[in-house]
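Chemist: This is input-v3.pdb (PDB, C-alpha atoms).
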MODEL        1
ATOM      1  CA  MET A   1       0.000   0.000   0.000
ATOM      2  CA  ASN A   2       1.111   3.542  -0.786
ATOM      3  CA  LYS A   3       1.117   6.453   1.700
ATOM      4  CA  VAL A   4      -0.043   9.882   0.477
ATOM      5  CA  ILE A   5      -0.238  13.273   2.236
ATOM      6  CA  LEU A   6      -3.247  15.434   1.371
ATOM      7  CA  LEU A   7      -4.233  19.021   2.160
ATOM      8  CA  HIS A   8      -7.121  18.375   4.548
ATOM      9  CA  LYS A   9      -7.988  21.980   5.541
ATOM     10  CA  ARG A  10      -6.875  25.415   4.438
ATOM     11  CA  PRO A  11      -4.814  26.928   7.269
ATOM     12  CA  VAL A  12      -6.012  29.996   9.097
ATOM     13  CA  GLY A  13      -2.927  31.799  10.347
ATOM     14  CA  LYS A  14      -0.087  29.434  11.200
ATOM     15  CA  PRO A  15      -0.523  25.964   9.663
ATOM     16  CA  ALA A  16      -1.074  22.994  11.984
ATOM     17  CA  LEU A  17      -0.714  19.241  11.691
ATOM     18  CA  SER A  18      -4.513  19.002  11.546
ATOM     19  CA  ASP A  19      -4.408  20.770   8.161
ATOM     20  CA  PHE A  20      -2.788  17.638   6.685
ATOM     21  CA  LYS A  21      -4.211  14.180   6.192
ATOM     22  CA  PHE A  22      -2.533  10.841   5.540
ATOM     23  CA  ALA A  23      -4.224   8.479   3.111
ATOM     24  CA  ILE A  24      -3.489   5.029   1.722
ATOM     25  CA  GLU A  25      -3.700   4.178  -1.979
ATOM     26  CA  GLU A  26      -3.282   0.978  -3.926
ATOM     27  CA  ASP A  27       0.267   0.459  -5.174
ATOM     28  CA  PRO A  28       0.579   2.281  -8.523
ATOM     29  CA  VAL A  29       1.421   0.374 -11.707
ATOM     30  CA  ALA A  30       3.275   1.921 -14.660
ATOM     31  CA  ASP A  31       1.539   1.516 -18.029
ATOM     32  CA  GLU A  32       3.057   1.999 -21.462
ATOM     33  CA  GLY A  33       5.033   5.265 -21.646
ATOM     34  CA  GLU A  34       5.031   5.679 -17.873
ATOM     35  CA  LEU A  35       7.518   5.471 -14.988
ATOM     36  CA  LEU A  36       7.115   4.230 -11.442
ATOM     37  CA  LEU A  37       9.000   6.566  -9.106
ATOM     38  CA  LYS A  38      10.099   5.958  -5.525
ATOM     39  CA  THR A  39      10.402   9.152  -3.471
ATOM     40  CA  LEU A  40      13.838   9.601  -1.881
ATOM     41  CA  TYR A  41      14.006  13.257  -0.754
ATOM     42  CA  VAL A  42      11.251  15.857  -0.313
ATOM     43  CA  SER A  43      11.817  19.610  -0.213
ATOM     44  CA  VAL A  44       9.663  21.646   2.176
ATOM     45  CA  ASP A  45       9.673  25.387   1.514
ATOM     46  CA  PRO A  46       7.920  28.482   2.912
ATOM     47  CA  TYR A  47       6.243  29.288  -0.437
ATOM     48  CA  LEU A  48       4.063  26.183  -0.023
ATOM     49  CA  ARG A  49       2.112  28.103   2.644
ATOM     50  CA  GLY A  50       0.745  30.418  -0.053
ATOM     51  CA  ARG A  51      -0.482  27.498  -2.136
ATOM     52  CA  MET A  52      -2.450  26.207   0.845
ATOM     53  CA  SER A  53      -4.645  29.307   0.737
ATOM     54  CA  ASP A  54      -7.435  29.658  -1.798
ATOM     55  CA  SER A  55      -6.173  32.946  -3.169
ATOM     56  CA  LYS A  56      -4.836  34.085  -6.501
ATOM     57  CA  SER A  57      -1.065  33.878  -6.819
ATOM     58  CA  TYR A  58       1.666  33.058  -9.316
ATOM     59  CA  VAL A  59       0.808  29.338  -9.019
ATOM     60  CA  PRO A  60      -2.610  27.704  -8.503
ATOM     61  CA  PRO A  61      -3.558  26.795  -4.918
ATOM     62  CA  PHE A  62      -3.473  23.203  -3.748
ATOM     63  CA  GLN A  63      -6.840  21.482  -3.920
ATOM     64  CA  LEU A  64      -8.444  20.191  -0.761
ATOM     65  CA  ASN A  65      -8.132  16.449  -0.211
ATOM     66  CA  LYS A  66      -5.613  16.205  -3.024
ATOM     67  CA  PRO A  67      -1.877  15.452  -2.645
ATOM     68  CA  ILE A  68       0.483  18.334  -1.860
ATOM     69  CA  GLN A  69       3.371  18.862  -4.278
ATOM     70  CA  SER A  70       6.914  20.152  -3.935
ATOM     71  CA  GLY A  71      10.412  19.555  -5.241
ATOM     72  CA  ILE A  72      11.279  15.872  -4.970
ATOM     73  CA  ILE A  73      14.194  13.600  -5.805
ATOM     74  CA  ALA A  74      13.024  10.145  -6.873
ATOM     75  CA  GLU A  75      14.403   6.880  -8.239
ATOM     76  CA  VAL A  76      12.983   5.144 -11.296
ATOM     77  CA  ILE A  77      12.096   1.630 -10.165
ATOM     78  CA  ARG A  78       9.950   0.617 -13.179
ATOM     79  CA  SER A  79      10.173   2.090 -16.663
ATOM     80  CA  ASN A  80       8.005   1.715 -19.727
ATOM     81  CA  HIS A  81       9.466   4.961 -21.110
ATOM     82  CA  THR A  82      12.222   5.068 -23.732
ATOM     83  CA  ASP A  83      13.996   8.061 -22.128
ATOM     84  CA  PHE A  84      14.363   6.629 -18.620
ATOM     85  CA  LYS A  85      15.920   3.489 -17.224
ATOM     86  CA  ILE A  86      15.489   1.636 -13.948
ATOM     87  CA  GLY A  87      17.932   3.126 -11.464
ATOM     88  CA  ASN A  88      17.857   6.653 -12.913
ATOM     89  CA  PHE A  89      17.591   9.450 -10.347
ATOM     90  CA  VAL A  90      15.302  12.337 -11.282
ATOM     91  CA  SER A  91      14.125  15.631  -9.822
ATOM     92  CA  GLY A  92      10.824  17.375 -10.403
ATOM     93  CA  ASN A  93       7.745  18.944  -8.864
ATOM     94  CA  LEU A  94       6.016  15.799  -7.653
ATOM     95  CA  GLU A  95       3.352  14.728  -5.194
ATOM     96  CA  TRP A  96       3.849  13.826  -1.545
ATOM     97  CA  LYS A  97       3.568  10.093  -2.138
ATOM     98  CA  GLU A  98       5.902   7.219  -1.344
ATOM     99  CA  TYR A  99       5.451   5.931  -4.907
ATOM    100  CA  GLN A 100       3.913   7.614  -7.943
ATOM    101  CA  ILE A 101       3.464   7.373 -11.692
ATOM    102  CA  SER A 102       4.965   9.878 -14.141
ATOM    103  CA  VAL A 103       4.903  10.204 -17.913
ATOM    104  CA  GLY A 104       8.360  11.826 -17.711
ATOM    105  CA  SER A 105       7.416  15.427 -18.424
ATOM    106  CA  GLY A 106       8.992  17.961 -16.068
ATOM    107  CA  LEU A 107      11.584  15.486 -14.817
ATOM    108  CA  THR A 108      15.313  16.221 -14.869
ATOM    109  CA  LYS A 109      17.815  13.380 -14.801
ATOM    110  CA  ILE A 110      20.503  13.581 -12.115
ATOM    111  CA  ASN A 111      23.831  12.044 -13.003
ATOM    112  CA  ASP A 112      25.258  11.603  -9.529
ATOM    113  CA  SER A 113      25.580   9.010  -6.803
ATOM    114  CA  ALA A 114      22.849   8.264  -4.293
ATOM    115  CA  ASP A 115      24.979   9.913  -1.572
ATOM    116  CA  ASN A 116      24.923  13.338  -3.264
ATOM    117  CA  LEU A 117      21.294  13.707  -4.326
ATOM    118  CA  SER A 118      19.961  16.134  -1.725
ATOM    119  CA  LYS A 119      21.989  19.055  -3.062
ATOM    120  CA  TYR A 120      19.826  19.010  -6.211
ATOM    121  CA  LEU A 121      16.944  20.258  -4.070
ATOM    122  CA  GLY A 122      19.170  22.962  -2.602
ATOM    123  CA  ILE A 123      22.390  24.514  -3.805
ATOM    124  CA  LEU A 124      22.080  23.005  -7.324
ATOM    125  CA  GLY A 125      18.297  23.219  -7.438
ATOM    126  CA  MET A 126      15.637  25.860  -6.901
ATOM    127  CA  THR A 127      17.420  27.227  -3.828
ATOM    128  CA  GLY A 128      20.692  27.985  -5.599
ATOM    129  CA  LEU A 129      18.928  29.299  -8.689
ATOM    130  CA  THR A 130      16.765  31.630  -6.596
ATOM    131  CA  ALA A 131      19.798  33.019  -4.777
ATOM    132  CA  TYR A 132      21.960  33.405  -7.875
ATOM    133  CA  CYS A 133      19.359  34.853 -10.228
ATOM    134  CA  GLY A 134      17.730  37.147  -7.685
ATOM    135  CA  LEU A 135      21.025  38.589  -6.526
ATOM    136  CA  THR A 136      22.774  38.937  -9.879
ATOM    137  CA  GLU A 137      19.821  39.925 -12.068
ATOM    138  CA  ILE A 138      18.054  42.315  -9.668
ATOM    139  CA  GLY A 139      20.624  43.088  -6.977
ATOM    140  CA  ASP A 140      23.375  43.653  -9.561
ATOM    141  CA  PRO A 141      26.069  43.836  -6.853
ATOM    142  CA  LYS A 142      29.346  45.641  -7.482
ATOM    143  CA  ALA A 143      32.613  44.850  -5.719
ATOM    144  CA  GLY A 144      32.965  46.946  -2.577
ATOM    145  CA  GLU A 145      29.221  47.401  -2.043
ATOM    146  CA  THR A 146      27.333  46.287   1.060
ATOM    147  CA  ILE A 147      24.703  43.538   0.857
ATOM    148  CA  VAL A 148      22.239  42.793   3.654
ATOM    149  CA  VAL A 149      20.402  39.459   3.643
ATOM    150  CA  SER A 150      17.404  38.682   5.854
ATOM    151  CA  GLY A 151      16.582  35.076   6.650
ATOM    152  CA  ALA A 152      20.314  34.742   6.163
ATOM    153  CA  ALA A 153      20.764  31.294   7.735
ATOM    154  CA  GLY A 154      18.037  29.804   5.586
ATOM    155  CA  ALA A 155      18.486  27.878   2.370
ATOM    156  CA  VAL A 156      18.415  30.838  -0.013
ATOM    157  CA  GLY A 157      19.904  33.465   2.295
ATOM    158  CA  SER A 158      23.042  31.486   3.104
ATOM    159  CA  VAL A 159      23.772  31.073  -0.612
ATOM    160  CA  VAL A 160      23.093  34.742  -1.378
ATOM    161  CA  GLY A 161      25.654  35.809   1.206
ATOM    162  CA  GLN A 162      28.324  33.513  -0.152
ATOM    163  CA  ILE A 163      27.773  34.691  -3.727
ATOM    164  CA  GLY A 164      28.036  38.264  -2.489
ATOM    165  CA  LYS A 165      31.413  37.486  -0.936
ATOM    166  CA  ILE A 166      32.616  35.797  -4.127
ATOM    167  CA  LEU A 167      31.666  38.972  -6.020
ATOM    168  CA  GLY A 168      33.723  41.131  -3.652
ATOM    169  CA  CYS A 169      31.020  42.650  -1.481
ATOM    170  CA  ARG A 170      30.690  43.228   2.252
ATOM    171  CA  VAL A 171      27.857  40.967   3.458
ATOM    172  CA  VAL A 172      25.732  41.322   6.587
ATOM    173  CA  GLY A 173      23.155  38.697   7.559
ATOM    174  CA  ILE A 174      20.094  38.963   9.777
ATOM    175  CA  THR A 175      18.906  35.870  11.624
ATOM    176  CA  GLY A 176      17.085  34.870  14.804
ATOM    177  CA  ALA A 177      19.515  32.909  16.986
ATOM    178  CA  ASP A 178      23.030  33.359  18.328
ATOM    179  CA  GLU A 179      24.129  29.960  17.020
ATOM    180  CA  LYS A 180      22.990  31.037  13.555
ATOM    181  CA  VAL A 181      24.966  34.266  13.891
ATOM    182  CA  ASP A 182      28.043  32.128  14.556
ATOM    183  CA  LEU A 183      27.192  29.840  11.633
ATOM    184  CA  LEU A 184      26.897  32.744   9.209
ATOM    185  CA  LYS A 185      30.313  34.094  10.155
ATOM    186  CA  SER A 186      32.199  30.799  10.524
ATOM    187  CA  LYS A 187      30.783  28.567   7.804
ATOM    188  CA  PHE A 188      29.388  31.028   5.269
ATOM    189  CA  HIS A 189      31.960  33.799   5.813
ATOM    190  CA  PHE A 190      29.537  36.709   6.276
ATOM    191  CA  ASP A 191      31.372  39.830   7.446
ATOM    192  CA  GLN A 192      28.815  40.502  10.151
ATOM    193  CA  ALA A 193      25.570  38.991  11.420
ATOM    194  CA  ILE A 194      22.765  40.300  13.621
ATOM    195  CA  ASN A 195      20.352  38.421  15.875
ATOM    196  CA  TYR A 196      17.224  40.498  15.406
ATOM    197  CA  LYS A 197      15.663  39.026  18.553
ATOM    198  CA  THR A 198      18.383  40.398  20.822
ATOM    199  CA  ALA A 199      19.654  43.400  18.868
ATOM    200  CA  GLY A 200      17.409  45.950  20.562
ATOM    201  CA  ASN A 201      16.984  48.847  18.146
ATOM    202  CA  LEU A 202      17.342  46.946  14.867
ATOM    203  CA  LYS A 203      17.589  50.068  12.731
ATOM    204  CA  GLU A 204      20.611  51.191  14.753
ATOM    205  CA  ALA A 205      22.133  47.706  14.802
ATOM    206  CA  ILE A 206      21.980  47.548  10.996
ATOM    207  CA  GLY A 207      23.428  51.026  10.748
ATOM    208  CA  ASN A 208      26.340  50.038  12.990
ATOM    209  CA  ALA A 209      26.973  46.867  10.973
ATOM    210  CA  CYS A 210      26.774  48.776   7.682
ATOM    211  CA  PRO A 211      28.704  52.050   8.237
ATOM    212  CA  ALA A 212      28.724  52.734   4.490
ATOM    213  CA  GLY A 213      24.964  52.077   4.189
ATOM    214  CA  VAL A 214      23.146  49.299   2.350
ATOM    215  CA  ASP A 215      23.486  48.997  -1.426
ATOM    216  CA  VAL A 216      21.655  45.689  -1.937
ATOM    217  CA  TYR A 217      19.010  44.216   0.348
ATOM    218  CA  PHE A 218      17.989  40.630  -0.425
ATOM    219  CA  ASP A 219      14.645  40.376   1.350
ATOM    220  CA  ASN A 220      13.405  36.961   2.460
ATOM    221  CA  VAL A 221      11.209  37.994   5.387
ATOM    222  CA  GLY A 222       9.391  41.335   5.002
ATOM    223  CA  GLY A 223       7.804  42.942   8.065
ATOM    224  CA  GLU A 224       9.621  44.936  10.719
ATOM    225  CA  ILE A 225      13.036  43.534   9.824
ATOM    226  CA  SER A 226      12.731  44.901   6.313
ATOM    227  CA  ASP A 227      11.477  48.232   7.637
ATOM    228  CA  ALA A 228      14.710  48.542   9.626
ATOM    229  CA  VAL A 229      16.906  47.652   6.654
ATOM    230  CA  LEU A 230      15.125  50.071   4.318
ATOM    231  CA  ALA A 231      15.841  52.874   6.780
ATOM    232  CA  ASN A 232      19.545  52.302   6.032
ATOM    233  CA  ILE A 233      19.613  52.000   2.232
ATOM    234  CA  ASN A 234      21.837  54.132   0.025
ATOM    235  CA  LYS A 235      20.864  56.044  -3.065
ATOM    236  CA  TYR A 236      20.320  53.710  -6.021
ATOM    237  CA  ALA A 237      19.939  50.697  -3.730
ATOM    238  CA  ARG A 238      18.506  47.521  -5.278
ATOM    239  CA  ILE A 239      16.108  45.295  -3.341
ATOM    240  CA  PRO A 240      15.333  41.817  -4.684
ATOM    241  CA  LEU A 241      12.111  40.748  -2.950
ATOM    242  CA  CYS A 242      12.325  36.977  -2.673
ATOM    243  CA  GLY A 243       9.972  36.184   0.200
ATOM    244  CA  ALA A 244       7.991  37.495   3.138
ATOM    245  CA  ILE A 245       7.870  34.607   5.598
ATOM    246  CA  SER A 246       7.092  36.920   8.516
ATOM    247  CA  LEU A 247       3.762  37.765   6.860
ATOM    248  CA  TYR A 248       2.626  34.425   5.420
ATOM    249  CA  ASN A 249       0.526  33.437   8.427
ATOM    250  CA  GLU A 250      -1.098  36.835   9.032
ATOM    251  CA  THR A 251      -4.895  36.751   8.971
ATOM    252  CA  LYS A 252      -5.276  40.452   8.120
ATOM    253  CA  PRO A 253      -3.121  42.885   6.143
ATOM    254  CA  PRO A 254      -0.330  44.188   8.408
ATOM    255  CA  VAL A 255       0.208  47.898   8.892
ATOM    256  CA  GLY A 256       3.727  49.253   8.655
ATOM    257  CA  PRO A 257       5.810  52.110   7.317
ATOM    258  CA  ARG A 258       4.893  53.202   3.809
ATOM    259  CA  ILE A 259       8.009  52.603   1.762
ATOM    260  CA  GLN A 260       7.247  54.697  -1.315
ATOM    261  CA  SER A 261       8.859  57.826   0.072
ATOM    262  CA  VAL A 262      12.010  55.896   0.999
ATOM    263  CA  LEU A 263      12.329  54.386  -2.462
ATOM    264  CA  LEU A 264      11.595  57.744  -4.081
ATOM    265  CA  VAL A 265      14.116  59.764  -2.087
ATOM    266  CA  LYS A 266      16.783  57.081  -2.501
ATOM    267  CA  SER A 267      16.054  56.505  -6.224
ATOM    268  CA  SER A 268      15.948  52.824  -5.331
ATOM    269  CA  LEU A 269      14.548  49.739  -7.014
ATOM    270  CA  MET A 270      12.477  47.056  -5.279
ATOM    271  CA  ARG A 271      11.419  44.139  -7.457
ATOM    272  CA  GLY A 272       9.575  41.020  -6.473
ATOM    273  CA  PHE A 273      10.434  37.853  -8.342
ATOM    274  CA  ILE A 274       9.908  34.129  -8.587
ATOM    275  CA  VAL A 275      12.732  31.956  -9.789
ATOM    276  CA  SER A 276      10.946  30.914 -12.988
ATOM    277  CA  ASP A 277      11.138  34.546 -14.160
ATOM    278  CA  PHE A 278      14.754  33.761 -15.021
ATOM    279  CA  SER A 279      14.343  30.289 -16.528
ATOM    280  CA  ASP A 280      16.434  31.271 -19.551
ATOM    281  CA  LYS A 281      19.354  31.903 -17.155
ATOM    282  CA  PHE A 282      19.181  28.475 -15.466
ATOM    283  CA  PRO A 283      21.777  26.574 -17.536
ATOM    284  CA  ALA A 284      24.458  29.235 -17.053
ATOM    285  CA  ALA A 285      23.513  29.677 -13.390
ATOM    286  CA  ILE A 286      23.769  25.962 -12.590
ATOM    287  CA  LYS A 287      27.098  25.763 -14.414
ATOM    288  CA  GLN A 288      28.467  28.661 -12.353
ATOM    289  CA  LEU A 289      27.113  27.334  -9.045
ATOM    290  CA  ALA A 290      28.521  23.862  -9.736
ATOM    291  CA  SER A 291      31.901  25.393 -10.590
ATOM    292  CA  TRP A 292      32.022  27.431  -7.378
ATOM    293  CA  LEU A 293      30.949  24.371  -5.395
ATOM    294  CA  LYS A 294      33.692  22.243  -6.943
ATOM    295  CA  GLU A 295      36.280  24.963  -6.296
ATOM    296  CA  GLY A 296      35.291  25.160  -2.635
ATOM    297  CA  LYS A 297      34.040  28.736  -2.935
ATOM    298  CA  LEU A 298      30.486  27.701  -2.031
ATOM    299  CA  THR A 299      29.243  25.454   0.725
ATOM    300  CA  TYR A 300      25.765  24.656   1.950
ATOM    301  CA  ALA A 301      23.844  23.578   5.021
ATOM    302  CA  GLU A 302      21.014  21.083   5.178
ATOM    303  CA  THR A 303      18.597  20.153   7.925
ATOM    304  CA  ILE A 304      17.544  16.615   7.068
ATOM    305  CA  VAL A 305      14.556  15.032   8.793
ATOM    306  CA  GLU A 306      14.032  11.319   8.226
ATOM    307  CA  GLY A 307      10.734   9.591   7.507
ATOM    308  CA  PHE A 308       7.777  10.148   5.171
ATOM    309  CA  ASP A 309       5.429  10.644   8.137
ATOM    310  CA  HIS A 310       7.506  13.646   9.297
ATOM    311  CA  ILE A 311       7.040  15.763   6.158
ATOM    312  CA  PRO A 312       4.224  17.952   7.611
ATOM    313  CA  GLN A 313       6.112  18.640  10.849
ATOM    314  CA  ALA A 314       9.269  19.515   8.931
ATOM    315  CA  PHE A 315       7.238  22.059   6.968
ATOM    316  CA  LEU A 316       5.799  23.567  10.161
ATOM    317  CA  ASP A 317       9.287  23.789  11.676
ATOM    318  CA  LEU A 318      10.276  26.269   8.951
ATOM    319  CA  PHE A 319       8.069  28.881  10.616
ATOM    320  CA  GLU A 320       9.828  28.309  13.934
ATOM    321  CA  GLY A 321      13.274  28.802  12.395
ATOM    322  CA  LYS A 322      14.345  25.253  13.258
ATOM    323  CA  ASN A 323      16.257  24.773  10.013
ATOM    324  CA  GLU A 324      19.824  25.661   9.175
ATOM    325  CA  GLY A 325      19.991  25.991   5.420
ATOM    326  CA  LYS A 326      17.736  23.794   3.318
ATOM    327  CA  MET A 327      15.009  21.780   5.059
ATOM    328  CA  ILE A 328      14.735  18.332   3.458
ATOM    329  CA  VAL A 329      12.936  15.161   4.406
ATOM    330  CA  LYS A 330      14.744  11.911   3.585
ATOM    331  CA  ILE A 331      12.388   9.017   2.955
TER     332      ILE A 331
ENDMDL
END
Please, can you express the file's structure as C-alpha cells?

Modeler:
Amino acid sequence: MNKVILLHKRPVGKPALSDFKFAIEEDPVADEGELLLKTLYVSVDPYLRGRMSDSKSYVPPFQLNKPIQSGIIAEVIRSNHTDFKIGNFVSGNLEWKEYQISVGSGLTKINDSADNLSKYLGILGMTGLTAYCGLTEIGDPKAGETIVVSGAAGAVGSVVGQIGKILGCRVVGITGADEKVDLLKSKFHFDQAINYKTAGNLKEAIGNACPAGVDVYFDNVGGEISDAVLANINKYARIPLCGAISLYNETKPPVGPRIQSVLLVKSSLMRGFIVSDFSDKFPAAIKQLASWLKEGKLTYAETIVEGFDHIPQAFLDLFEGKNEGKMIVKI
C-alpha cells in the first residue's frame, strides 16, 4: 500500500498538523510510456504556505483532499518509457507520495551518486537558482558594495551571502539565533551577522553593521526587519524581494511604514520575483554554481529530517526557524 499526504484543511494563520491528512492508496502500476518513481528526498519550503490558501497567486492553490506537491528527488524503479531506465535518479515537482506514476514530463535526470542527491533540491536546485538569479539579475552587486540578507541562515539566504562574498562585497546577515549568527560568520563567511531578537533597536544595529549604508538588500522575510533595513539604504539601492515569511501566516493585512517615500528619495529599485522569471538563465547559473561548489568557494547547510510521516512537521518547523539551510525530508 502507498502512503499519500493530502491538504485536509486550508490553514487559518499558522498551519497545523490538523491541516494535513494521511491516506493510503493501492500500489501504482506503470503503463506503457510511464515510470514508477520511488520518493527519496522531499523539499519543504515556505512558499508552499501560499499554495495552501485559496487565493490568486503566481501558481494555482493546492486542492483540498488532493496530494500536496513540492520539489522531490526520486528513483525510477519501473520504466516503460524510452527516455528513462530503472535506477535513474530524477528531480521534479512531484506529489507527496511514497510511490507515484509519471509520464516523464517535467523530470530532470541527475547524473550523480545516491549519496549526493539532496543538493539538487538545494544549492544546485531551486534554492541555488533563486539566490543566484535574484542577486545577480536584480541586486546587480558591485565589488565593494554592502549587501544585507534577511533570513540569512536559511536555504536561499546562506547562498546569497556567499555569492556576495565571491563577487567582492561586504555581506551582513540577519537571523534569529546566536548559534545562527556564529554559523553565518564561521561557515558562510559573512562579514557581520545580527540576531534580530536580541539586537534591541534593529535600525541602529543595521546602521552600525553597515557604516557605508546598504546597497543591496535581499529580502526573504518582510515585516519589521525589512522596515529597519530600508531605513539604512543608500541612493540607487537595489532590493530583490524573494519572500515574506514573517507575513505568510497573518490573517489580516499588516500595517507598517509606507516605503514609497524611501524608495523615491533614494532613487531605489524594489522588485519582487519568482525563480521561474529567469528560466532562460538556469543553464548558465547551474554551471556557475557547480563550478564554485567544486572549487570550494560555495558550501551549503542542510537540515535533514528522516521519515515520510515527518514531512508535515518539517514544513511547520520552517516557521519556527528550526532549520539551518535547506530543510529536506529523507524518505

Chemist: Starting from the shown file, work through the PyMOL selection byres ((chain A and resi 226-239) around 7) and note down what comes out as a PyMOL selection string.

Modeler: chain A and resi 138-139+202-203+206-207+213-219+222-225+240-241+257+266-271

Chemist: My list of candidates is A:Gly50, A:Gly154, A:Gly296, A:Gly71. Which is closest to A:Thr175 when distances are computed with all atoms listed in the file?

Modeler: A:Gly154

Chemist: Calculate how many Å separate atom CA of A:Ser79 from atom CA of A:Ala30, rounding to one decimal.

Modeler: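 Here the two named atoms are 7.2 Å from each other.
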
Chemist: Take atom CA of A:Gly325 and atom CA of A:Asp140 and report the distance between them in Å, one decimal.

Modeler: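 So the two atoms, atom CA of A:Gly325 and atom CA of A:Asp140, lie 23.4 Å apart.
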
Chemist: Counting all atoms listed in the file, which residue out of A:Ile77, A:Ala177, A:Leu247, A:Leu40 sits closest to A:Val329?

Modeler: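 Between A:Ile77, A:Ala177, A:Leu247, A:Leu40, the residue approaching A:Val329 most closely is A:Leu40.
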
Chemist: Which residue is closest to A:Ser102? Choose from A:Val159, A:Ala314, A:Ala74, A:Met126 and count only C-alpha atoms.

Modeler: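 Of all the options, A:Ala74 lies closest to A:Ser102.
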
Chemist: Take atom CA of A:Ser105 and atom CA of A:Asp280 and report the distance between them in Å, one decimal.

Modeler: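 One can read the atom CA of A:Ser105 to atom CA of A:Asp280 distance as 18.3 Å.
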
Chemist: With the file shown as input, list the residues that the PyMOL selection byres ((chain A and resi 7-22) around 12) selects, as a VMD selection string.

Modeler: chain A and resid 2 to 6 23 to 25 46 48 to 55 61 to 69 95 to 98 245 to 253 308 to 320

Chemist: Since I can't run it myself right now, could you work out what the PyMOL selection byres ((chain A and resi 132) around 8) selects here and report it as a list in words?

Modeler: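 With the PyMOL selection byres ((chain A and resi 132) around 8) on this model, the match is Gly128, Leu129, Thr130, Ala131, Cys133, Gly134, Leu135, Thr136, Val159, Val160, Ile163 and Ala285 of chain A.
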
Chemist: Calculated over only C-alpha atoms, which of the candidates A:Met327, A:Ile86, A:Val262, A:Val275 has the smallest distance to A:Thr303?

Modeler: A:Met327

Chemist: Pick the closest to A:Leu37 from A:Asn116, A:Asn201, A:Gln100, A:Ser57: which is it, counting all atoms listed in the file?

Modeler: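 Closest residue, counting all atoms listed in the file: A:Gln100.
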
Chemist: Which protein, DNA or RNA residues have an atom at most 8 Å from (35.4, 43.1, -6.9), counting all atoms listed in the file? List them as a VMD selection string.

Modeler: chain A and resid 142 to 144 167 to 169

Chemist: Restricting the calculation to all atoms listed in the file, which member of A:Val103, A:Ile259, A:Leu117, A:Leu293 is positioned closest to A:Arg78?

Modeler: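 Selected residue with least distance to A:Arg78: A:Val103.
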
Chemist: Would you fill the gaps in stretch 49-53 of chain A so it has all heavy atoms, then print it as a PDB file, in the coordinates of the input?

Modeler:
ATOM      1  N   ARG A  49       3.189  27.537   1.813  1.00  0.00           N
ATOM      2  CA  ARG A  49       2.112  28.103   2.644  1.00  0.00           C
ATOM      3  C   ARG A  49       1.134  28.894   1.784  1.00  0.00           C
ATOM      4  O   ARG A  49      -0.096  28.813   1.987  1.00  0.00           O
ATOM      5  CB  ARG A  49       2.711  28.998   3.738  1.00  0.00           C
ATOM      6  CG  ARG A  49       1.673  29.765   4.567  1.00  0.00           C
ATOM      7  CD  ARG A  49       0.740  28.834   5.308  1.00  0.00           C
ATOM      8  NE  ARG A  49      -0.276  29.570   6.065  1.00  0.00           N
ATOM      9  CZ  ARG A  49      -1.436  29.980   5.567  1.00  0.00           C
ATOM     10  NH1 ARG A  49      -1.717  29.743   4.288  1.00  0.00           N
ATOM     11  NH2 ARG A  49      -2.301  30.612   6.326  1.00  0.00           N
ATOM     12  N   GLY A  50       1.631  29.646   0.809  1.00  0.00           N
ATOM     13  CA  GLY A  50       0.745  30.418  -0.053  1.00  0.00           C
ATOM     14  C   GLY A  50      -0.167  29.537  -0.876  1.00  0.00           C
ATOM     15  O   GLY A  50      -1.349  29.873  -1.104  1.00  0.00           O
ATOM     16  N   ARG A  51       0.323  28.403  -1.322  1.00  0.00           N
ATOM     17  CA  ARG A  51      -0.482  27.498  -2.136  1.00  0.00           C
ATOM     18  C   ARG A  51      -1.546  26.766  -1.316  1.00  0.00           C
ATOM     19  O   ARG A  51      -2.462  26.158  -1.885  1.00  0.00           O
ATOM     20  CB  ARG A  51       0.409  26.470  -2.845  1.00  0.00           C
ATOM     21  CG  ARG A  51       1.365  27.084  -3.858  1.00  0.00           C
ATOM     22  CD  ARG A  51       1.950  26.032  -4.757  1.00  0.00           C
ATOM     23  NE  ARG A  51       0.936  25.435  -5.623  1.00  0.00           N
ATOM     24  CZ  ARG A  51       1.132  24.388  -6.420  1.00  0.00           C
ATOM     25  NH1 ARG A  51       2.323  23.810  -6.434  1.00  0.00           N
ATOM     26  NH2 ARG A  51       0.156  23.918  -7.168  1.00  0.00           N
ATOM     27  N   MET A  52      -1.439  26.831  -0.005  1.00  0.00           N
ATOM     28  CA  MET A  52      -2.450  26.207   0.845  1.00  0.00           C
ATOM     29  C   MET A  52      -3.667  27.106   1.037  1.00  0.00           C
ATOM     30  O   MET A  52      -4.705  26.652   1.520  1.00  0.00           O
ATOM     31  CB  MET A  52      -1.846  25.857   2.205  1.00  0.00           C
ATOM     32  CG  MET A  52      -0.792  24.774   2.113  1.00  0.00           C
ATOM     33  SD  MET A  52      -0.004  24.432   3.696  1.00  0.00           S
ATOM     34  CE  MET A  52       1.202  23.197   3.199  1.00  0.00           C
ATOM     35  N   SER A  53      -3.534  28.370   0.663  1.00  0.00           N
ATOM     36  CA  SER A  53      -4.645  29.307   0.737  1.00  0.00           C
ATOM     37  C   SER A  53      -5.361  29.368  -0.608  1.00  0.00           C
ATOM     38  O   SER A  53      -4.740  29.214  -1.660  1.00  0.00           O
ATOM     39  CB  SER A  53      -4.148  30.711   1.109  1.00  0.00           C
ATOM     40  OG  SER A  53      -3.512  30.699   2.368  1.00  0.00           O
TER      41      SER A  53
END
